[in-house]
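K.L.:
For reference, the file upload-v9.cif (mmCIF, C-alpha atoms) is included below:
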data_target
#
loop_
_atom_site.label_atom_id
_atom_site.label_comp_id
_atom_site.auth_asym_id
_atom_site.auth_seq_id
_atom_site.Cartn_x
_atom_site.Cartn_y
_atom_site.Cartn_z
CA MET A 245 -41.06 17.31 225.85
CA ASN A 246 -42.80 18.51 222.70
CA LYS A 247 -40.00 18.77 220.15
CA GLN A 248 -42.37 18.37 217.23
CA LYS A 249 -44.47 21.33 218.44
CA VAL A 250 -47.79 19.45 218.40
CA ALA A 251 -50.95 20.97 219.89
CA LEU A 252 -54.29 19.31 220.59
CA ILE A 253 -57.74 20.75 219.93
CA THR A 254 -61.00 19.46 221.32
CA ASP A 255 -64.40 20.95 222.17
CA SER A 256 -66.23 21.64 225.41
CA CYS A 257 -68.08 18.32 225.19
CA SER A 258 -64.85 16.51 226.06
CA ASP A 259 -65.43 17.67 229.65
CA LEU A 260 -61.83 18.46 230.53
CA SER A 261 -61.38 20.38 233.78
CA PRO A 262 -58.98 23.33 234.27
CA GLU A 263 -56.77 21.03 236.35
CA GLN A 264 -56.61 18.46 233.55
CA LEU A 265 -55.75 21.17 231.01
CA ARG A 266 -53.05 22.83 233.09
CA ASP A 267 -49.57 22.78 231.49
CA LYS A 268 -50.80 20.75 228.53
CA PRO A 269 -50.93 21.82 224.85
CA ILE A 270 -54.73 21.39 224.76
CA TYR A 271 -57.09 24.03 223.36
CA VAL A 272 -60.85 23.79 223.95
CA ILE A 273 -63.47 25.21 221.59
CA PRO A 274 -66.79 25.93 223.34
CA LEU A 275 -70.13 25.00 221.83
CA VAL A 276 -72.89 27.61 221.96
CA ILE A 277 -75.98 27.36 224.17
CA ARG A 278 -78.92 29.61 223.39
CA CYS A 279 -81.18 30.57 226.28
CA SER A 280 -84.13 32.92 226.62
CA ASP A 281 -81.81 35.74 227.71
CA GLY A 282 -79.07 35.28 225.13
CA GLU A 283 -76.17 33.14 223.93
CA TYR A 284 -73.66 31.46 226.20
CA TYR A 285 -70.43 29.56 225.64
CA ASP A 286 -70.17 26.10 227.16
CA GLY A 287 -67.61 26.01 229.95
CA VAL A 288 -66.88 29.73 229.62
CA ASN A 289 -69.92 31.56 230.98
CA ILE A 290 -72.37 28.69 231.49
CA SER A 291 -71.96 25.39 233.34
CA ALA A 292 -73.94 22.19 233.71
CA ALA A 293 -75.26 23.45 237.06
CA ASP A 294 -76.58 26.56 235.29
CA VAL A 295 -78.34 24.37 232.73
CA TYR A 296 -79.96 22.22 235.43
CA GLU A 297 -81.43 25.36 236.97
CA ARG A 298 -82.67 26.65 233.62
CA LEU A 299 -84.27 23.30 232.75
CA LYS A 300 -86.81 24.00 235.50
CA THR A 301 -88.30 26.84 233.43
CA GLU A 302 -86.99 26.54 229.85
CA LEU A 303 -85.30 24.22 227.38
CA PRO A 304 -82.05 25.79 226.15
CA ARG A 305 -80.93 25.11 222.60
CA THR A 306 -77.48 23.98 221.60
CA SER A 307 -75.52 25.18 218.59
CA LEU A 308 -72.22 24.71 216.82
CA PRO A 309 -69.17 26.70 217.88
CA LEU A 310 -68.66 30.05 216.24
CA GLY A 311 -66.50 29.86 213.15
CA SER A 312 -64.58 32.87 214.40
CA THR A 313 -63.74 31.01 217.62
CA ILE A 314 -62.29 28.08 215.68
CA GLU A 315 -60.25 30.38 213.46
CA SER A 316 -58.94 32.45 216.38
CA THR A 317 -57.97 29.25 218.23
CA LEU A 318 -55.93 28.07 215.25
CA GLU A 319 -54.27 31.48 214.98
CA GLN A 320 -53.45 31.41 218.71
CA ILE A 321 -51.89 27.97 218.36
CA LYS A 322 -49.77 29.17 215.47
CA ALA A 323 -48.74 32.33 217.32
CA GLU A 324 -47.60 30.24 220.29
CA GLY A 325 -45.15 28.36 218.11
CA TYR A 326 -46.91 25.10 217.35
CA GLU A 327 -46.58 23.63 213.89
CA LYS A 328 -48.92 20.63 213.95
CA VAL A 329 -52.38 20.03 215.42
CA ILE A 330 -54.42 16.95 216.22
CA ALA A 331 -58.11 17.77 216.71
CA VAL A 332 -60.36 15.21 218.46
CA MET A 333 -63.95 16.39 218.29
CA LEU A 334 -67.43 15.48 219.50
CA SER A 335 -69.07 12.69 217.51
CA SER A 336 -70.37 13.69 214.10
CA GLY A 337 -73.42 11.63 214.98
CA LEU A 338 -74.39 14.37 217.43
CA SER A 339 -72.88 17.55 216.03
CA GLY A 340 -71.34 19.20 212.98
CA THR A 341 -68.47 20.54 215.09
CA CYS A 342 -65.96 18.01 213.73
CA ASN A 343 -66.61 19.02 210.13
CA MET A 344 -66.36 22.72 210.99
CA VAL A 345 -62.94 22.19 212.56
CA ARG A 346 -61.80 20.01 209.66
CA LEU A 347 -62.68 22.68 207.11
CA ALA A 348 -61.09 25.45 209.17
CA GLY A 349 -57.92 23.37 209.54
CA GLU A 350 -57.72 22.85 205.78
CA ARG A 351 -57.89 26.62 205.25
CA CYS A 352 -55.33 27.48 207.94
CA GLU A 353 -51.93 28.28 206.48
CA GLY A 354 -48.82 27.53 208.50
CA LEU A 355 -50.31 24.65 210.48
CA GLU A 356 -50.65 20.98 209.65
CA VAL A 357 -54.04 20.07 211.09
CA ARG A 358 -55.43 16.55 211.28
CA THR A 359 -59.03 16.31 212.51
CA PHE A 360 -60.53 13.15 213.99
CA ASP A 361 -64.15 12.28 214.69
CA SER A 362 -64.14 10.76 218.18
CA LEU A 363 -67.47 9.02 217.48
CA SER A 364 -67.94 9.68 221.20
CA GLY A 365 -68.12 12.52 223.69
CA SER A 366 -67.57 13.45 227.32
CA LEU A 367 -65.25 11.06 229.15
CA GLY A 368 -64.50 9.04 225.99
CA ALA A 369 -63.28 11.92 223.84
CA GLY A 370 -61.67 13.62 226.83
CA GLY A 371 -59.78 10.48 227.75
CA VAL A 372 -58.36 10.22 224.23
CA VAL A 373 -57.12 13.81 224.38
CA LEU A 374 -55.49 13.33 227.79
CA GLN A 375 -53.78 10.14 226.63
CA LEU A 376 -52.49 11.92 223.51
CA ALA A 377 -51.09 14.70 225.72
CA GLN A 378 -49.15 12.02 227.59
CA TYR A 379 -47.84 10.57 224.34
CA ILE A 380 -46.70 14.02 223.22
CA GLU A 381 -44.88 14.51 226.53
CA GLN A 382 -43.23 11.11 226.04
CA GLY A 383 -41.91 12.23 222.65
CA LEU A 384 -43.99 10.12 220.25
CA GLU A 385 -43.35 11.13 216.66
CA TRP A 386 -46.07 12.69 214.50
CA ASP A 387 -46.96 9.61 212.45
CA ALA A 388 -47.11 7.50 215.60
CA LEU A 389 -49.39 10.06 217.24
CA LEU A 390 -51.76 9.90 214.29
CA ASP A 391 -51.81 6.09 214.42
CA GLN A 392 -52.43 6.13 218.16
CA THR A 393 -55.28 8.60 217.77
CA GLU A 394 -57.10 6.21 215.45
CA LYS A 395 -56.46 3.26 217.79
CA LEU A 396 -57.62 5.13 220.89
CA ILE A 397 -60.86 6.21 219.20
CA ARG A 398 -61.54 2.60 218.15
CA ASN A 399 -60.97 1.45 221.71
CA ILE A 400 -63.32 3.80 223.61
CA HIS A 401 -65.90 1.95 225.71
CA ALA A 402 -67.99 4.54 227.55
CA PHE A 403 -71.42 4.16 229.18
CA PHE A 404 -73.82 6.65 230.78
CA SER A 405 -76.94 6.40 232.89
CA VAL A 406 -79.90 8.70 232.30
CA ASP A 407 -81.90 9.47 235.42
CA THR A 408 -84.93 10.86 233.58
CA LEU A 409 -86.17 10.58 230.01
CA GLU A 410 -87.88 13.98 230.22
CA TYR A 411 -85.15 16.00 228.52
CA LEU A 412 -84.44 13.47 225.80
CA LEU A 413 -88.15 13.69 224.98
CA LYS A 414 -88.19 17.50 225.00
CA GLY A 415 -85.07 17.59 222.86
CA GLY A 416 -86.64 15.28 220.28
CA ARG A 417 -84.23 12.39 220.95
CA ILE A 418 -86.93 9.85 221.90
CA GLY A 419 -90.67 9.47 221.38
CA LYS A 420 -93.43 10.31 223.85
CA VAL A 421 -94.60 6.72 224.30
CA THR A 422 -91.07 5.53 225.14
CA ALA A 423 -90.62 8.35 227.63
CA MET A 424 -93.96 7.74 229.35
CA ALA A 425 -93.36 3.99 229.63
CA GLY A 426 -89.91 4.50 231.06
CA THR A 427 -91.13 7.03 233.62
CA LEU A 428 -94.06 4.88 234.80
CA LEU A 429 -91.85 1.81 235.25
CA ASN A 430 -88.98 3.78 236.86
CA ILE A 431 -86.70 2.58 234.07
CA LYS A 432 -83.18 4.01 234.02
CA PRO A 433 -81.61 3.47 230.59
CA LEU A 434 -77.88 3.16 230.08
CA ILE A 435 -76.58 4.56 226.83
CA SER A 436 -73.40 4.43 224.82
CA PHE A 437 -72.22 5.47 221.37
CA THR A 438 -72.99 3.31 218.36
CA PRO A 439 -70.29 2.62 215.74
CA GLU A 440 -71.81 5.53 213.80
CA GLY A 441 -71.34 7.85 216.76
CA GLU A 442 -74.99 8.15 217.71
CA LEU A 443 -76.48 7.53 221.14
CA GLY A 444 -77.96 4.09 221.65
CA SER A 445 -79.40 2.13 224.55
CA VAL A 446 -77.20 -0.72 225.80
CA ALA A 447 -79.00 -1.71 229.00
CA LYS A 448 -81.88 -0.82 231.32
CA VAL A 449 -82.30 -1.09 235.06
CA ARG A 450 -85.28 -0.47 237.29
CA GLY A 451 -84.47 2.07 239.97
CA ARG A 452 -81.40 4.19 240.59
CA LYS A 453 -79.76 1.80 243.05
CA GLN A 454 -78.93 -0.65 240.27
CA ILE A 455 -77.11 1.85 238.05
CA GLN A 456 -73.64 1.55 239.55
CA SER A 457 -73.63 -2.24 239.46
CA LYS A 458 -74.72 -2.23 235.82
CA LEU A 459 -72.02 0.29 234.89
CA VAL A 460 -69.38 -1.90 236.55
CA GLU A 461 -70.75 -4.91 234.67
CA LEU A 462 -70.59 -3.07 231.32
CA VAL A 463 -67.00 -2.03 231.97
CA ARG A 464 -66.12 -5.61 232.95
CA ASP A 465 -67.57 -6.89 229.68
CA SER A 466 -65.43 -4.37 227.79
CA MET A 467 -62.27 -5.59 229.52
CA LYS A 468 -62.14 -8.96 227.77
CA GLY A 469 -58.75 -9.39 226.15
CA VAL A 470 -57.54 -5.99 227.36
CA ARG A 471 -54.23 -5.80 229.25
CA ARG A 472 -53.49 -2.05 229.31
CA PHE A 473 -56.23 0.52 229.83
CA ASP A 474 -57.25 3.90 231.18
CA LEU A 475 -60.24 3.96 233.55
CA LEU A 476 -62.85 6.73 233.32
CA VAL A 477 -65.77 8.05 235.37
CA ALA A 478 -68.16 10.97 234.92
CA ASN A 479 -71.10 12.61 236.59
CA GLY A 480 -73.76 15.18 235.88
CA GLY A 481 -74.99 16.61 239.16
CA ALA A 482 -74.13 13.46 241.11
CA PRO A 483 -70.56 13.95 242.45
CA GLU A 484 -70.98 11.84 245.59
CA GLU A 485 -72.31 8.88 243.64
CA MET A 486 -69.46 9.26 241.16
CA GLU A 487 -66.96 8.97 244.00
CA GLU A 488 -68.65 5.75 245.14
CA LEU A 489 -68.56 4.44 241.58
CA ALA A 490 -64.91 5.45 241.20
CA GLN A 491 -63.96 3.47 244.30
CA ARG A 492 -65.82 0.41 243.06
CA LEU A 493 -64.10 0.60 239.68
CA LYS A 494 -60.64 1.03 241.21
CA GLU A 495 -61.18 -2.01 243.40
CA GLU A 496 -62.59 -4.09 240.55
CA PHE A 497 -60.00 -3.08 237.93
CA PRO A 498 -56.80 -2.09 239.78
CA GLY A 499 -54.48 -2.40 236.78
CA PHE A 500 -55.38 0.92 235.12
CA GLU A 501 -52.60 3.17 233.80
CA ASN A 502 -54.59 6.40 234.24
CA PHE A 503 -57.77 7.19 236.12
CA TRP A 504 -59.68 10.23 234.89
CA SER A 505 -62.94 11.73 236.11
CA CYS A 506 -65.05 14.52 234.67
CA GLU A 507 -68.24 16.52 235.03
CA ILE A 508 -70.70 16.39 232.15
CA ASP A 509 -70.68 19.63 230.17
CA ALA A 510 -73.51 22.13 229.77
CA THR A 511 -74.23 21.15 226.16
CA LEU A 512 -74.91 17.45 226.79
CA SER A 513 -76.75 18.35 230.02
CA VAL A 514 -79.44 20.08 227.95
CA TYR A 515 -80.47 16.66 226.62
CA ILE A 516 -79.82 14.32 229.53
CA GLY A 517 -80.47 16.50 232.58
CA PRO A 518 -79.03 15.97 236.08
CA GLY A 519 -78.31 12.75 237.94
CA VAL A 520 -76.04 11.24 235.29
CA LEU A 521 -73.30 8.71 235.98
CA GLY A 522 -70.75 7.48 233.49
CA ALA A 523 -67.99 4.89 233.40
CA GLY A 524 -65.71 3.39 230.83
CA ILE A 525 -62.29 2.37 229.66
CA ILE A 526 -59.96 3.18 226.77
CA ALA A 527 -57.95 0.13 225.78
CA LEU A 528 -54.30 0.98 225.11
CA ASP A 529 -53.08 -2.31 223.67
CA GLY A 530 -55.54 -2.91 220.86
#
Any chance you could give the structure as structure tokens?

P.N.:
Amino acid sequence: MNKQKVALITDSCSDLSPEQLRDKPIYVIPLVIRCSDGEYYDGVNISAADVYERLKTELPRTSLPLGSTIESTLEQIKAEGYEKVIAVMLSSGLSGTCNMVRLAGERCEGLEVRTFDSLSGSLGAGGVVLQLAQYIEQGLEWDALLDQTEKLIRNIHAFFSVDTLEYLLKGGRIGKVTAMAGTLLNIKPLISFTPEGELGSVAKVRGRKQIQSKLVELVRDSMKGVRRFDLLVANGGAPEEMEELAQRLKEEFPGFENFWSCEIDATLSVYIGPGVLGAGIIALDG
């Protein structure tokens, strides 16, 4: 049920699969990845697996979505009969995508567009969009949807492991000394989003075997005072380990309302490489 004719917009860094998008009013805007042989569109003609292969010989560059893609998406939404749009975009701490969509929405006649900075990405932003799609199906009114969007964004708790610091170094996200020290000591950092929407280290473990236990611990710490929640997992080139992690999380926190999994997108994979695991919750009662 979508009596208010509300559509959702997000970008490819929300990591929503075709199955998750099916029969939902969700439109995905791809970020651009520039490689030695041309430009590609995240999730359209380049995947995370493609990026992992390219990282062996080159460092692709990421770029904002095309303005024409944003405009054509808004026109498509309008042509399909929607009247209102909620856009939940990749953190402004990592990309200018959110501001591009906000400006395009302000220029678009015939649609009421409200754009939100997720201050997150991947499973966090994707989880918000999927939850909003449920609320739309349940018939939540427009003002309530806007209020819920703000609450959901405030209540994202998402954590990611990084198997190697090599690509963060090459991408200019960390310094050489930090990367060398981490590599020599076999340090595996766990990162999350700061309140400003930037990536920040929240924990470190020595060796890959400790990653899953630390992710479970971080999720447990985020559960304090939470009664209703969605549970989230992600992987970048580590699907078997993600399934193990998913089982551990389901056993540890069986009261979830939704359980969503995703594969890290091509854009974020440029900076964090393969072997990534992620876990988190979105609190629904805060």

K.L.:
Can you tell me, as a PyMOL selection string, what residues are no more than 8 Å from range 522-524 of chain A when counting only C-alpha atoms, ignoring any on the same chain fewer than 6 positions away?

P.N.:
chain A and resi 367-368+400-405+459-460+463+475-479+486

K.L.:
Suppose you want the space between CA of Gly370 in chain A and CA of Ser280 in chain A; what is it in Å?

P.N.:
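It comes out at 29.6 Å.
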
K.L.:
When you count only C-alpha atoms, which of these residues is closest to Ser258 in chain A: A:Pro498, A:Asp391, A:Ser362, A:Glu440?

P.N.:
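So, comparing all the options, the nearest one is A:Ser362.
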
K.L.:
Name the residues that the PyMOL selection byres ((chain A and resi 526) around 12) picks from the file above, as a PyMOL selection string, using the file's chain letters and numbers.

P.N.:
chain A and resi 364+367-376+392-393+395-403+463+466-467+470-477+500-504+523-525+527-530

K.L.:
When you draw a straight line from CA of Thr254 in chain A to CA of Gly383 in chain A, how long is it in Å?

P.N.:
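For CA of Thr254 in chain A relative to CA of Gly383 in chain A, the distance reads 20.5 Å.
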
K.L.:
For CA of Ala510 in chain A and CA of Leu260 in chain A, quote the distance in Å rounded to one decimal.

P.N.:
12.3 Å

K.L.:
Take the PyMOL selection byres ((chain A and resi 297-300) around 12), run it mentally on this structure, and tell me the resulting residues as a list in words.

P.N.:
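Evaluating the PyMOL selection byres ((chain A and resi 297-300) around 12) on these coordinates yields Ile277, Arg278, Cys279, Ser280, Asp281, Ile290, Ser291, Ala292, Ala293, Asp294, Val295, Tyr296, Thr301, Glu302, Leu303, Pro304, Arg305, Glu410, Tyr411, Lys414, Gly415, Gly481, Ala510, Ser513, Val514, Tyr515, Ile516, Gly517 and Pro518 of chain A.
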
K.L.:
Between A:Val288, A:Ile321, A:Leu443, A:Ala331, which residue has the minimum interatomic distance to Leu390 in chain A, considering all atoms listed in the file?

P.N.:
A:Ala331

K.L.:
Once all heavy atoms are restored for range 477-488 of chain A, what would the output be as a compact mmCIF listing (two decimals), in the frame of the given file?

P.N.:
# COMPACT_ATOMS: atom_id res chain seq x y z
N VAL A 477 -64.47 7.86 234.74
CA VAL A 477 -65.77 8.05 235.37
C VAL A 477 -66.25 9.47 235.09
O VAL A 477 -65.45 10.38 234.86
CB VAL A 477 -65.77 7.81 236.90
CG1 VAL A 477 -65.54 6.35 237.21
CG2 VAL A 477 -64.74 8.68 237.59
N ALA A 478 -67.57 9.65 235.15
CA ALA A 478 -68.16 10.97 234.92
C ALA A 478 -69.42 11.12 235.74
O ALA A 478 -70.03 10.13 236.16
CB ALA A 478 -68.47 11.16 233.43
N ASN A 479 -69.81 12.36 235.94
CA ASN A 479 -71.10 12.61 236.59
C ASN A 479 -71.70 13.90 236.08
O ASN A 479 -71.00 14.81 235.63
CB ASN A 479 -70.94 12.67 238.11
CG ASN A 479 -70.59 14.06 238.62
OD1 ASN A 479 -71.46 14.82 239.03
ND2 ASN A 479 -69.31 14.40 238.56
N GLY A 480 -73.03 13.96 236.16
CA GLY A 480 -73.76 15.18 235.88
C GLY A 480 -74.67 15.45 237.06
O GLY A 480 -75.74 14.87 237.18
N GLY A 481 -74.20 16.29 237.97
CA GLY A 481 -74.99 16.61 239.16
C GLY A 481 -75.07 15.50 240.18
O GLY A 481 -75.99 15.48 241.00
N ALA A 482 -74.12 14.57 240.15
CA ALA A 482 -74.13 13.46 241.11
C ALA A 482 -72.69 13.16 241.56
O ALA A 482 -72.20 12.04 241.43
CB ALA A 482 -74.75 12.22 240.49
N PRO A 483 -71.98 14.15 242.11
CA PRO A 483 -70.56 13.95 242.45
C PRO A 483 -70.32 12.91 243.53
O PRO A 483 -69.33 12.16 243.46
CB PRO A 483 -70.12 15.35 242.92
CG PRO A 483 -71.38 16.04 243.34
CD PRO A 483 -72.44 15.52 242.43
N GLU A 484 -71.20 12.82 244.53
CA GLU A 484 -70.98 11.84 245.59
C GLU A 484 -71.12 10.42 245.05
O GLU A 484 -70.32 9.52 245.39
CB GLU A 484 -71.96 12.07 246.75
CG GLU A 484 -71.77 13.37 247.49
CD GLU A 484 -72.48 14.53 246.82
OE1 GLU A 484 -73.19 14.31 245.79
OE2 GLU A 484 -72.34 15.67 247.31
N GLU A 485 -72.13 10.21 244.22
CA GLU A 485 -72.31 8.88 243.64
C GLU A 485 -71.14 8.53 242.72
O GLU A 485 -70.73 7.36 242.64
CB GLU A 485 -73.63 8.82 242.87
CG GLU A 485 -74.86 8.80 243.76
CD GLU A 485 -76.13 8.81 242.95
OE1 GLU A 485 -76.58 9.89 242.53
OE2 GLU A 485 -76.68 7.70 242.73
N MET A 486 -70.61 9.53 242.01
CA MET A 486 -69.46 9.26 241.16
C MET A 486 -68.26 8.80 241.99
O MET A 486 -67.52 7.91 241.56
CB MET A 486 -69.08 10.49 240.33
CG MET A 486 -67.94 10.21 239.35
SD MET A 486 -67.31 11.67 238.48
CE MET A 486 -66.39 12.47 239.81
N GLU A 487 -68.07 9.39 243.15
CA GLU A 487 -66.96 8.97 244.00
C GLU A 487 -67.14 7.53 244.46
O GLU A 487 -66.17 6.76 244.53
CB GLU A 487 -66.84 9.91 245.21
CG GLU A 487 -66.33 11.30 244.86
CD GLU A 487 -65.00 11.27 244.15
OE1 GLU A 487 -64.11 10.49 244.58
OE2 GLU A 487 -64.84 11.99 243.15
N GLU A 488 -68.38 7.14 244.79
CA GLU A 488 -68.65 5.75 245.14
C GLU A 488 -68.35 4.83 243.97
O GLU A 488 -67.73 3.77 244.13
CB GLU A 488 -70.12 5.60 245.54
CG GLU A 488 -70.52 6.32 246.82
CD GLU A 488 -72.00 6.19 247.09
OE1 GLU A 488 -72.66 5.36 246.41
OE2 GLU A 488 -72.51 6.91 247.97
